[in-house]
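Just model_0.tsv here, TSV, C-alpha atoms:
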chain	number	residue	atom	x	y	z
A	14	MET	CA	0.00	0.00	0.00
A	15	GLN	CA	1.34	3.42	-0.93
A	16	PHE	CA	1.97	5.75	2.00
A	17	LEU	CA	0.61	9.29	1.83
A	18	ASP	CA	0.60	11.59	4.84
A	19	GLN	CA	-0.51	14.92	3.33
A	20	CYS	CA	-3.06	15.99	0.74
A	21	LYS	CA	-5.41	18.85	-0.16
A	22	ILE	CA	-9.11	18.28	-0.83
A	23	TYR	CA	-12.22	20.31	-1.64
A	24	LEU	CA	-15.36	19.88	0.47
A	25	LYS	CA	-18.92	21.12	-0.06
A	26	SER	CA	-21.92	20.32	2.05
A	27	GLY	CA	-25.33	19.88	0.45
A	28	ASP	CA	-27.62	22.76	-0.50
A	29	GLY	CA	-31.04	22.97	1.08
A	30	GLY	CA	-34.07	22.06	-1.03
A	31	ARG	CA	-36.41	24.70	-2.40
A	32	GLY	CA	-39.74	25.22	-0.71
A	33	ALA	CA	-42.89	24.56	-2.77
A	34	MET	CA	-45.65	27.01	-3.65
A	35	SER	CA	-48.96	25.28	-4.26
A	36	PHE	CA	-52.65	25.58	-3.35
A	37	ARG	CA	-55.37	23.09	-2.60
A	38	ARG	CA	-57.76	22.65	-5.49
A	39	GLU	CA	-60.01	19.76	-4.59
A	40	LYS	CA	-63.57	18.99	-5.50
A	41	PHE	CA	-66.11	19.52	-2.74
A	42	ILE	CA	-63.57	21.49	-0.65
A	43	GLU	CA	-65.16	24.85	-0.07
A	44	PHE	CA	-62.07	26.73	0.97
A	45	GLY	CA	-58.67	25.97	-0.58
A	46	GLY	CA	-55.45	27.41	0.63
A	47	PRO	CA	-51.68	27.15	0.48
A	48	ASN	CA	-50.19	23.71	1.02
A	49	GLY	CA	-46.60	23.99	-0.28
A	50	GLY	CA	-44.14	21.96	1.79
A	51	ASP	CA	-40.68	22.92	2.98
A	52	GLY	CA	-37.47	21.80	1.30
A	53	GLY	CA	-35.17	19.20	2.83
A	54	LYS	CA	-31.90	19.96	4.57
A	55	GLY	CA	-28.61	19.45	2.69
A	56	GLY	CA	-26.24	16.72	3.80
A	57	ASP	CA	-23.40	17.43	6.23
A	58	ILE	CA	-19.74	16.55	5.71
A	59	ALA	CA	-18.09	14.77	8.61
A	60	PHE	CA	-14.79	13.06	9.39
A	61	ILE	CA	-14.39	9.85	11.38
A	62	ALA	CA	-11.12	8.36	12.62
A	63	ALA	CA	-10.76	4.72	11.56
A	64	ASP	CA	-8.21	2.57	13.39
A	65	ASN	CA	-7.71	0.23	10.41
A	66	LEU	CA	-6.24	2.95	8.17
A	67	ASN	CA	-2.66	4.21	8.16
A	68	THR	CA	-2.47	6.32	4.98
A	69	LEU	CA	-4.36	9.08	3.15
A	70	ILE	CA	-3.95	7.41	-0.23
A	71	ASP	CA	-7.75	7.31	-0.69
A	72	TYR	CA	-7.64	11.09	-1.19
A	73	ARG	CA	-4.76	11.07	-3.69
A	74	TYR	CA	-6.79	10.49	-6.86
A	75	ARG	CA	-10.08	12.01	-5.77
A	76	GLN	CA	-9.92	15.49	-4.29
A	77	HIS	CA	-13.50	16.80	-4.60
A	78	PHE	CA	-16.21	15.68	-2.21
A	79	ARG	CA	-19.80	16.93	-2.19
A	80	ALA	CA	-22.65	15.93	0.08
A	81	GLN	CA	-26.11	15.32	-1.31
A	82	ASP	CA	-28.48	18.26	-1.74
A	83	GLY	CA	-31.84	18.36	0.00
A	84	ARG	CA	-34.90	17.51	-2.10
A	85	PRO	CA	-37.44	20.26	-2.86
A	86	GLY	CA	-40.78	20.39	-1.10
A	87	ALA	CA	-44.07	19.46	-2.78
A	88	GLY	CA	-47.78	20.11	-2.56
A	89	ARG	CA	-50.01	18.71	0.17
A	90	GLU	CA	-47.44	20.05	2.65
A	91	ARG	CA	-44.95	17.35	1.77
A	92	THR	CA	-41.47	18.15	3.08
A	93	GLY	CA	-38.52	17.25	0.85
A	94	ALA	CA	-36.14	14.52	1.91
A	95	ASN	CA	-32.90	15.51	3.64
A	96	GLY	CA	-29.68	14.98	1.74
A	97	GLU	CA	-27.46	12.12	2.91
A	98	ASP	CA	-24.46	13.06	5.03
A	99	LEU	CA	-21.00	12.37	3.60
A	100	VAL	CA	-18.67	10.76	6.15
A	101	LEU	CA	-14.98	10.67	5.21
A	102	ARG	CA	-12.87	7.97	6.89
A	103	VAL	CA	-9.35	9.06	7.81
A	104	PRO	CA	-6.57	7.39	9.83
A	105	VAL	CA	-6.24	8.03	13.54
A	106	GLY	CA	-3.87	10.96	14.00
A	107	THR	CA	-5.17	13.01	11.06
A	108	GLN	CA	-5.27	16.77	11.35
A	109	VAL	CA	-7.64	18.96	9.33
A	110	ILE	CA	-5.90	22.23	8.41
A	111	ASP	CA	-7.19	25.32	6.62
A	112	GLY	CA	-6.56	25.89	2.92
A	113	ASN	CA	-3.42	27.95	3.61
A	114	ASN	CA	-1.93	25.02	5.57
A	115	ARG	CA	-1.47	27.15	8.68
A	116	ILE	CA	-4.33	26.77	11.17
A	117	VAL	CA	-5.27	23.37	12.62
A	118	LEU	CA	-9.05	23.15	12.55
A	119	ALA	CA	-9.44	19.66	14.01
A	120	ASP	CA	-7.29	16.83	15.32
A	121	LEU	CA	-8.65	13.27	15.25
A	122	THR	CA	-6.59	11.32	17.77
A	123	HIS	CA	-8.96	8.59	19.00
A	124	PRO	CA	-10.47	5.64	17.10
A	125	GLY	CA	-14.12	6.25	16.32
A	126	GLN	CA	-13.86	10.00	16.94
A	127	LYS	CA	-16.32	11.80	14.68
A	128	LEU	CA	-16.32	15.44	13.66
A	129	ALA	CA	-19.18	17.25	11.91
A	130	PHE	CA	-17.10	19.61	9.80
A	131	LEU	CA	-19.43	21.37	7.31
A	132	LYS	CA	-23.14	21.73	8.03
A	133	GLY	CA	-25.57	21.35	5.16
A	134	GLY	CA	-27.84	24.20	4.14
A	135	ASP	CA	-31.35	24.39	5.60
A	136	GLY	CA	-34.33	23.82	3.35
A	137	GLY	CA	-36.45	26.74	2.18
A	138	PHE	CA	-39.95	27.33	3.51
A	139	GLY	CA	-42.97	26.51	1.37
A	140	ASN	CA	-45.88	28.93	1.09
A	141	ALA	CA	-47.85	27.00	3.72
A	142	HIS	CA	-45.32	28.29	6.26
A	143	TYR	CA	-46.36	31.88	5.61
A	144	LYS	CA	-50.11	31.35	5.97
A	145	SER	CA	-51.59	33.61	8.62
A	146	SER	CA	-54.87	35.19	9.62
A	147	THR	CA	-54.07	38.25	7.53
A	148	ASN	CA	-52.36	36.51	4.63
A	149	ARG	CA	-54.60	33.66	3.55
A	150	ALA	CA	-52.98	33.04	0.17
A	151	PRO	CA	-49.24	33.69	0.43
A	152	ARG	CA	-47.30	33.33	-2.77
A	153	ARG	CA	-43.91	33.20	-1.17
A	154	ALA	CA	-41.69	30.12	-1.28
A	155	ASP	CA	-38.00	30.36	-0.36
A	156	PRO	CA	-35.03	28.71	-2.04
A	157	GLY	CA	-32.87	26.52	0.15
A	158	TRP	CA	-29.80	27.84	1.91
A	159	PRO	CA	-26.55	27.02	0.12
A	160	GLY	CA	-24.15	24.57	1.69
A	161	ARG	CA	-20.71	25.53	2.94
A	162	GLU	CA	-17.54	24.85	0.99
A	163	ALA	CA	-13.85	24.83	1.84
A	164	TRP	CA	-10.44	23.70	0.70
A	165	VAL	CA	-8.62	21.90	3.50
A	166	TRP	CA	-5.36	20.07	4.00
A	167	LEU	CA	-5.28	16.64	5.61
A	168	ARG	CA	-2.06	15.86	7.43
A	169	LEU	CA	-1.40	12.49	9.04
A	170	LYS	CA	0.80	12.24	12.11
A	171	LEU	CA	1.24	8.60	12.97
A	172	ILE	CA	0.29	7.55	16.49
A	173	ALA	CA	3.40	5.87	17.90
A	174	ASP	CA	4.84	5.59	21.41
A	175	ALA	CA	8.48	5.87	20.35
A	176	GLY	CA	10.19	7.26	17.26
A	177	LEU	CA	13.50	6.11	15.78
A	178	VAL	CA	15.79	8.88	14.53
A	179	GLY	CA	19.34	8.92	13.30
A	180	LEU	CA	21.61	9.48	10.33
A	181	PRO	CA	21.16	7.34	7.21
A	182	ASN	CA	22.60	3.83	7.61
A	183	ALA	CA	22.47	4.04	11.41
A	184	GLY	CA	20.70	0.67	11.44
A	185	LYS	CA	17.19	1.89	12.24
A	186	SER	CA	15.42	-0.40	9.77
A	187	THR	CA	17.49	-3.38	10.89
A	188	PHE	CA	16.58	-2.64	14.50
A	189	LEU	CA	12.88	-2.30	13.64
A	190	ALA	CA	12.90	-5.63	11.80
A	191	ALA	CA	14.69	-7.28	14.73
A	192	VAL	CA	12.22	-6.21	17.44
A	193	THR	CA	8.92	-6.22	15.50
A	194	HIS	CA	7.21	-8.14	12.70
A	195	ALA	CA	7.63	-5.19	10.34
A	196	ARG	CA	9.62	-5.84	7.18
A	197	PRO	CA	11.21	-2.55	6.12
A	198	LYS	CA	13.62	-2.33	3.22
A	199	ILE	CA	17.20	-2.92	4.35
A	200	ALA	CA	20.23	-2.20	2.17
A	201	ASP	CA	23.83	-0.96	2.45
A	202	TYR	CA	23.18	2.45	0.91
A	203	PRO	CA	21.66	5.63	2.42
A	204	PHE	CA	17.98	6.54	2.33
A	205	THR	CA	16.61	3.02	1.94
A	206	THR	CA	13.70	4.18	4.11
A	207	LEU	CA	11.66	6.73	2.15
A	208	LYS	CA	8.53	6.68	4.30
A	209	PRO	CA	7.77	6.02	7.98
A	210	GLN	CA	7.44	2.40	9.05
A	211	LEU	CA	5.44	1.21	12.05
A	212	GLY	CA	5.92	-1.90	14.16
A	213	VAL	CA	4.62	-3.23	17.48
A	214	VAL	CA	7.29	-4.21	20.02
A	215	ARG	CA	6.30	-6.90	22.52
A	216	LEU	CA	8.47	-7.49	25.57
A	217	HIS	CA	7.16	-9.87	28.23
A	218	ASP	CA	3.58	-8.71	28.93
A	219	GLU	CA	4.00	-5.16	27.62
A	220	GLU	CA	3.99	-3.66	24.15
A	221	PHE	CA	4.46	-0.31	22.43
A	222	VAL	CA	4.35	1.07	18.89
A	223	LEU	CA	7.68	1.99	17.29
A	224	ALA	CA	8.02	4.27	14.26
A	225	ASP	CA	11.10	4.20	11.99
A	226	LEU	CA	11.58	7.53	10.23
A	227	PRO	CA	13.70	8.27	7.14
A	228	GLY	CA	17.26	9.28	7.99
A	229	LEU	CA	18.16	12.90	8.63
A	230	ILE	CA	21.32	14.60	7.40
A	231	GLU	CA	22.93	17.92	8.18
A	232	GLY	CA	20.84	20.72	6.70
A	233	ALA	CA	17.63	18.66	6.69
A	234	SER	CA	15.78	21.58	8.31
A	235	GLU	CA	16.69	23.60	5.20
A	236	GLY	CA	15.52	20.91	2.78
A	237	ALA	CA	18.65	18.79	2.37
A	238	GLY	CA	18.06	15.09	1.69
A	239	ILE	CA	14.47	14.14	2.43
A	240	GLY	CA	14.23	17.17	4.71
A	241	THR	CA	12.18	17.21	7.90
A	242	ARG	CA	8.83	16.40	6.32
A	243	PHE	CA	8.40	13.19	8.30
A	244	LEU	CA	9.52	14.62	11.64
A	245	GLY	CA	5.90	15.58	12.25
A	246	HIS	CA	5.27	11.92	13.07
A	247	VAL	CA	7.62	12.22	16.07
A	248	GLU	CA	5.53	15.02	17.55
A	249	ARG	CA	3.07	12.50	18.95
A	250	CYS	CA	5.76	10.11	20.23
A	251	ALA	CA	6.39	10.08	23.95
A	252	VAL	CA	10.03	8.97	23.62
A	253	VAL	CA	12.72	9.56	20.98
A	254	LEU	CA	15.09	6.63	20.26
A	255	HIS	CA	18.32	7.98	18.83
A	256	LEU	CA	20.47	5.36	17.11
A	257	VAL	CA	24.09	6.23	16.38
A	258	ASP	CA	26.21	4.20	13.97
A	259	GLY	CA	29.11	2.88	16.06
A	260	THR	CA	31.31	2.39	12.99
A	261	LEU	CA	31.51	6.14	12.37
A	262	ASP	CA	34.73	7.90	13.32
A	263	ASP	CA	32.91	10.81	14.96
A	264	VAL	CA	29.90	9.44	16.85
A	265	ALA	CA	29.61	12.63	18.90
A	266	GLY	CA	29.34	14.69	15.71
A	267	ALA	CA	26.65	12.37	14.35
A	268	TYR	CA	24.69	12.77	17.58
A	269	ARG	CA	25.01	16.57	17.53
A	270	THR	CA	23.86	16.69	13.89
A	271	ILE	CA	20.54	15.00	14.69
A	272	ARG	CA	20.03	17.03	17.85
A	273	LYS	CA	20.58	20.22	15.85
A	274	GLU	CA	17.96	19.23	13.26
A	275	LEU	CA	15.44	18.34	15.99
A	276	ALA	CA	15.99	21.73	17.62
A	277	HIS	CA	15.58	23.57	14.30
A	278	TYR	CA	12.33	21.72	13.59
A	279	GLY	CA	10.89	22.78	16.95
A	280	HIS	CA	7.49	21.62	18.26
A	281	GLY	CA	9.18	20.32	21.41
A	282	LEU	CA	11.09	17.45	19.77
A	283	ALA	CA	14.40	18.44	21.36
A	284	GLU	CA	12.80	18.41	24.83
A	285	LYS	CA	11.24	14.95	24.60
A	286	PRO	CA	12.67	12.11	26.71
A	287	GLU	CA	15.51	10.54	24.74
A	288	ILE	CA	17.29	7.19	24.75
A	289	VAL	CA	20.57	6.88	22.87
A	290	GLY	CA	21.73	3.59	21.40
A	291	LEU	CA	25.26	2.99	20.11
A	292	ASN	CA	24.51	0.51	17.33
A	293	LYS	CA	26.63	-2.00	15.41
A	294	ILE	CA	28.84	-2.90	18.37
A	295	ASP	CA	29.38	-6.32	16.78
A	296	ALA	CA	31.83	-4.62	14.40
A	297	LEU	CA	33.87	-2.97	17.19
A	298	ASP	CA	36.31	-4.17	19.84
A	299	ALA	CA	35.90	-3.45	23.55
A	300	GLU	CA	38.31	-0.50	23.73
A	301	VAL	CA	36.72	1.32	20.81
A	302	ILE	CA	33.24	0.75	22.25
A	303	THR	CA	34.29	2.25	25.59
A	304	ALA	CA	35.89	5.28	23.93
A	305	LYS	CA	32.88	6.01	21.70
A	306	CYS	CA	30.47	5.51	24.57
A	307	ASP	CA	32.42	8.10	26.57
A	308	ASP	CA	32.26	10.50	23.61
A	309	LEU	CA	28.47	10.19	23.52
A	310	HIS	CA	28.17	10.71	27.28
A	311	GLN	CA	30.05	14.00	26.95
A	312	VAL	CA	27.65	15.48	24.36
A	313	ALA	CA	24.37	13.89	25.49
A	314	ARG	CA	22.04	15.41	28.02
A	315	PRO	CA	22.92	14.61	31.66
A	316	ASP	CA	19.80	12.46	32.13
A	317	THR	CA	20.37	10.49	28.91
A	318	LYS	CA	21.66	6.92	29.16
A	319	VAL	CA	23.69	5.43	26.32
A	320	HIS	CA	22.90	1.77	25.52
A	321	LEU	CA	25.16	-0.59	23.61
A	322	LEU	CA	23.44	-2.81	21.09
A	323	SER	CA	23.58	-4.55	17.74
A	324	GLY	CA	20.39	-4.81	15.70
A	325	ALA	CA	22.00	-7.41	13.44
A	326	THR	CA	23.05	-9.89	16.15
A	327	GLY	CA	20.55	-8.94	18.86
A	328	ALA	CA	23.21	-8.10	21.43
A	329	GLY	CA	21.96	-5.63	24.02
A	330	VAL	CA	18.57	-5.28	22.32
A	331	THR	CA	16.54	-6.65	25.25
A	332	GLU	CA	18.22	-4.30	27.74
A	333	PHE	CA	17.65	-1.43	25.33
A	334	LEU	CA	13.94	-2.24	25.07
A	335	LYS	CA	13.67	-2.48	28.86
A	336	GLY	CA	15.09	1.03	29.10
A	337	VAL	CA	12.58	2.21	26.50
A	338	LEU	CA	9.68	0.75	28.47
A	339	THR	CA	10.91	2.36	31.70
A	340	THR	CA	11.24	5.78	30.06
A	341	LEU	CA	7.93	5.35	28.25
A	342	SER	CA	6.09	4.47	31.47
A	343	ALA	CA	7.51	7.55	33.18
A	344	ALA	CA	6.52	9.76	30.23
A	345	ARG	CA	2.98	8.37	30.23
A	346	ARG	CA	2.68	8.87	33.98
A	347	ASP	CA	3.83	12.49	33.70
A	348	LYS	CA	1.35	13.09	30.88
A	349	ASN	CA	-1.54	11.62	32.88
A	350	GLU	CA	-0.64	13.79	35.88
A	351	ALA	CA	-0.45	16.87	33.68
A	352	ASP	CA	-3.84	16.08	32.14
A	353	ALA	CA	-5.35	15.56	35.59
A	354	GLU	CA	-4.06	18.94	36.77
A	355	ALA	CA	-5.43	20.63	33.66
A	356	ILE	CA	-8.98	19.40	34.37
A	357	PRO	CA	-10.52	21.32	37.30
A	358	PHE	CA	-12.24	19.25	39.97
A	359	VAL	CA	-15.94	19.96	40.31
A	360	HIS	CA	-17.48	18.82	43.60
A	361	PRO	CA	-20.78	17.00	43.00
A	362	SER	CA	-23.70	19.01	44.28
Show me, as C-alpha cells, the structure contained in the file I just sent.
Amino acid sequence: MQFLDQCKIYLKSGDGGRGAMSFRREKFIEFGGPNGGDGGKGGDIAFIAADNLNTLIDYRYRQHFRAQDGRPGAGRERTGANGEDLVLRVPVGTQVIDGNNRIVLADLTHPGQKLAFLKGGDGGFGNAHYKSSTNRAPRRADPGWPGREAWVWLRLKLIADAGLVGLPNAGKSTFLAAVTHARPKIADYPFTTLKPQLGVVRLHDEEFVLADLPGLIEGASEGAGIGTRFLGHVERCAVVLHLVDGTLDDVAGAYRTIRKELAHYGHGLAEKPEIVGLNKIDALDAEVITAKCDDLHQVARPDTKVHLLSGATGAGVTEFLKGVLTTLSAARRDKNEADAEAIPFVHPS
C-alpha cells in the first residue's frame, strides 16, 4: 500500500431544497389554501477516525467531495427529503488544516472520533409556512440555503509511542525488523527508508508502537536530503530513540547533527525524553566501544543513558527495550498527571 501523509481536498456540504408554492384545489372542498411543503436539509460533511487505516492514499486520486443536496418540497405540505451526510474515513492521528496550511481546525486522535465539519444548508420554507390570519394566500416560497464549501489540507501524524531517529545507515530499519514483525527495506546504501514504518514491540507482557523515520542529514531543516517532512510523526511520540552508527569515526558529531535538526524543527522534539543507542557494536572491539560511549556521554544530556546494542546480532537489544519501556512508562505517567491537573475538579452538588 502506498503511503501518503498529506493531501489537499475540496469539500462542499449539500444545498437545502427549495420550498414549494402550491394551493389546494379539490372537488367539494369549499375553501382551498396554500399547502406547499418545505425543502429538505442538505447533507453534512463529517470526518471519522478509523483505526484500520494508516495512509491518506484514498484522497490522492479524488480530491473533490460533495454531500447530497436536500430535495425540494411538494404540494399537500410534503417536506422534501434531507440529503445524505457524507462521512470521510481518515486514519487516527489526522489533522484537518485550513486551505493555507497554517491553522489546525481539528485533530482526530482517537479511534471512532467523529467530527461534523461542514453543516448542510437548511431547506427553504414553502408557502404553507407563511399562511396567517391576515395573509390567507401567500405566494412566497424560499429557495434553500446554500451549503458551505472549503479547501482543506489533511495531514497524518502517525500515532506511535516511540520514534527512531538517526543518520542514514544508522541501522534503524534493521533494528525495527529485529524487534517487530515489520519488514522494512534494508540495504547498504543511504535513504533506503523513504517513508515512515510502524511496528509493534512486545516485551514480556508489555507492548508499544515503534516508528522508523527516514534518515536525517545535516541541513535537513533547510531541505537537504528528504528534509524534515516526516519529523511531524515524532511530535506525537512520547520517547525519541536515537540510534548512532558505532562504525563512524565521529559518533559525537553524528549525535550533535541530529540534535541540531530536531531543535531547528521545533514543536518540542528536542525536549522529549531521549534514549541513545550505540549501534553495530558487533563490528567494534571493547576499547573502541568504551571510547565512543564516553564521547556520547560527553555530548548527550545529563539524564540520557547510552545503551550498547547490535540490531543485526541482537546483542543488548533486550536491555535497550527495557530502558525504552521504563522511560515510556515515566513519560505516560507524567502526561496523565499533567492532564489531571489541567482538568478542574468539580465537587458534585
Sorted by chain and rising residue number, list the residues of segment 14-131 of chain A at most 10 Å from segment 204-228 of chain A (counting all atoms listed in the file), each with its closest atom pair and distance in Å to one decimal, as JSON lines.
{"residue": "A:Gln15", "atom": "CA", "partner": "A:Lys208", "partner_atom": "CA", "distance": 9.5}
{"residue": "A:Phe16", "atom": "CA", "partner": "A:Lys208", "partner_atom": "CA", "distance": 7.0}
{"residue": "A:Leu17", "atom": "CA", "partner": "A:Lys208", "partner_atom": "CA", "distance": 8.7}
{"residue": "A:Asp18", "atom": "CA", "partner": "A:Lys208", "partner_atom": "CA", "distance": 9.3}
{"residue": "A:Asn67", "atom": "CA", "partner": "A:Leu211", "partner_atom": "CA", "distance": 9.5}
Selected residues written out, C-alpha atoms, as a PDB file, in the frame of the given file:
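Dumped everything to part_34.pdb:
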ATOM      1  CA  GLN A  15       1.340   3.420  -0.930  1.00  0.00           C
ATOM      2  CA  PHE A  16       1.970   5.750   2.000  1.00  0.00           C
ATOM      3  CA  LEU A  17       0.610   9.290   1.830  1.00  0.00           C
ATOM      4  CA  ASP A  18       0.600  11.590   4.840  1.00  0.00           C
ATOM      5  CA  ASN A  67      -2.660   4.210   8.160  1.00  0.00           C
TER       6      ASN A  67
END
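Comparing the minimum interatomic distances between Trp164 of chain A and each of A:Ile110, A:Ala195, A:Leu121, A:Ile22, counting all atoms listed in the file, we find that A:Ile22 sits nearest.
Ranking A:His255, A:Lys293, A:Arg249, A:Arg314 by their shortest atom-to-atom distance to Ala173 of chain A, with all atoms listed in the file included, puts A:Arg249 first.
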Counting all atoms listed in the file, closest pick from A:Gly157, A:Gly83, A:Gly179, A:Gly184 relative to Asp57 of chain A is A:Gly83
Please provide as a PyMOL selection string all residues within 10 Å of Gly259 of chain A, with the sequence filter that same-chain residues fewer than 3 positions apart are discarded (counting only C-alpha atoms). chain A and resi 183-184+256+262-264+267+290-297+301-302+305-306+321-323
Same residues, C-alpha atoms, saved as a compact mmCIF listing (two decimals), keeping the file's coordinate frame:
# COMPACT_ATOMS: atom_id res chain seq x y z
CA ALA A 183 22.47 4.04 11.41
CA GLY A 184 20.70 0.67 11.44
CA LEU A 256 20.47 5.36 17.11
CA ASP A 262 34.73 7.90 13.32
CA ASP A 263 32.91 10.81 14.96
CA VAL A 264 29.90 9.44 16.85
CA ALA A 267 26.65 12.37 14.35
CA GLY A 290 21.73 3.59 21.40
CA LEU A 291 25.26 2.99 20.11
CA ASN A 292 24.51 0.51 17.33
CA LYS A 293 26.63 -2.00 15.41
CA ILE A 294 28.84 -2.90 18.37
CA ASP A 295 29.38 -6.32 16.78
CA ALA A 296 31.83 -4.62 14.40
CA LEU A 297 33.87 -2.97 17.19
CA VAL A 301 36.72 1.32 20.81
CA ILE A 302 33.24 0.75 22.25
CA LYS A 305 32.88 6.01 21.70
CA CYS A 306 30.47 5.51 24.57
CA LEU A 321 25.16 -0.59 23.61
CA LEU A 322 23.44 -2.81 21.09
CA SER A 323 23.58 -4.55 17.74
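Distance-wise, atom CA of His77 of chain A and atom CA of Glu162 of chain A end up 10.6 Å apart.
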Env of Gln311 of chain A: 12 Å cut, atoms = all atoms listed in the file, seq-sep filter 4 positions within chain, self excluded. Answer as a compact mmCIF listing (two decimals) with C-alpha atoms, in the frame of the given file.
# COMPACT_ATOMS: atom_id res chain seq x y z
CA VAL A 264 29.90 9.44 16.85
CA ALA A 265 29.61 12.63 18.90
CA GLY A 266 29.34 14.69 15.71
CA TYR A 268 24.69 12.77 17.58
CA ARG A 269 25.01 16.57 17.53
CA ALA A 304 35.89 5.28 23.93
CA LYS A 305 32.88 6.01 21.70
CA CYS A 306 30.47 5.51 24.57
CA ASP A 307 32.42 8.10 26.57
CA PRO A 315 22.92 14.61 31.66
CA ASP A 316 19.80 12.46 32.13
CA THR A 317 20.37 10.49 28.91
CA LYS A 318 21.66 6.92 29.16
CA VAL A 319 23.69 5.43 26.32
Please report the interatomic distance between atom CA of Asn48 of chain A and atom CA of Arg149 of chain A in Å with one decimal. 11.2 Å
List as a list in words the residues having at least one atom at most 12 Å from position (12.8, -7.1, 8.9) as given in the file, counting all atoms listed in the file. Gly184, Lys185, Ser186, Thr187, Phe188, Leu189, Ala190, Ala191, Val192, Thr193, His194, Ala195, Arg196, Pro197, Lys198, Ile199, Ala200, Gln210, Leu211, Gly212, Asp225, Gly324 and Ala325 of chain A
For Leu131 of chain A, list every protein, DNA or RNA residue within 10 Å, evaluated using all atoms listed in the file, and leave out those in the same chain fewer than 6 positions away; present the list as a PyMOL selection string. chain A and resi 24-27+56-60+80+98-99+160-163
Gap from atom CA of Thr147 of chain A to atom CA of Lys54 of chain A - Å, one decimal: 28.9 Å
Saving segment 247-262 of chain A with N, CA and C atoms, as a short mmCIF file (atom, residue, chain, number, x, y, z; two decimals), in the first residue's frame, what would that file be?
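Okay, this is what ended up in selection14.cif:
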data_model
loop_
_atom_site.label_atom_id
_atom_site.label_comp_id
_atom_site.auth_asym_id
_atom_site.auth_seq_id
_atom_site.Cartn_x
_atom_site.Cartn_y
_atom_site.Cartn_z
N VAL A 247 7.01 12.37 14.75
CA VAL A 247 7.62 12.22 16.07
C VAL A 247 6.94 13.11 17.09
N GLU A 248 6.17 14.10 16.63
CA GLU A 248 5.53 15.02 17.55
C GLU A 248 4.61 14.30 18.53
N ARG A 249 4.00 13.22 18.09
CA ARG A 249 3.07 12.50 18.95
C ARG A 249 3.77 11.41 19.77
N CYS A 250 5.03 11.15 19.50
CA CYS A 250 5.76 10.11 20.23
C CYS A 250 6.12 10.62 21.62
N ALA A 251 6.04 9.71 22.58
CA ALA A 251 6.39 10.08 23.95
C ALA A 251 7.89 10.03 24.17
N VAL A 252 8.60 9.17 23.43
CA VAL A 252 10.03 8.97 23.62
C VAL A 252 10.72 8.97 22.26
N VAL A 253 11.90 9.56 22.19
CA VAL A 253 12.72 9.56 20.98
C VAL A 253 13.87 8.57 21.16
N LEU A 254 13.98 7.60 20.25
CA LEU A 254 15.09 6.63 20.26
C LEU A 254 16.12 7.09 19.22
N HIS A 255 17.28 7.45 19.70
CA HIS A 255 18.32 7.98 18.83
C HIS A 255 19.39 6.91 18.64
N LEU A 256 19.46 6.36 17.43
CA LEU A 256 20.47 5.36 17.11
C LEU A 256 21.66 6.04 16.44
N VAL A 257 22.84 5.70 16.92
CA VAL A 257 24.09 6.23 16.38
C VAL A 257 24.90 5.07 15.82
N ASP A 258 25.40 5.22 14.61
CA ASP A 258 26.21 4.20 13.97
C ASP A 258 27.58 4.14 14.65
N GLY A 259 27.85 3.02 15.34
CA GLY A 259 29.11 2.88 16.06
C GLY A 259 30.33 2.79 15.17
N THR A 260 30.15 2.50 13.89
CA THR A 260 31.31 2.39 12.99
C THR A 260 31.78 3.74 12.48
N LEU A 261 31.06 4.82 12.79
CA LEU A 261 31.51 6.14 12.37
C LEU A 261 32.70 6.59 13.20
N ASP A 262 33.56 7.39 12.60
CA ASP A 262 34.73 7.90 13.32
C ASP A 262 34.32 8.92 14.37
#
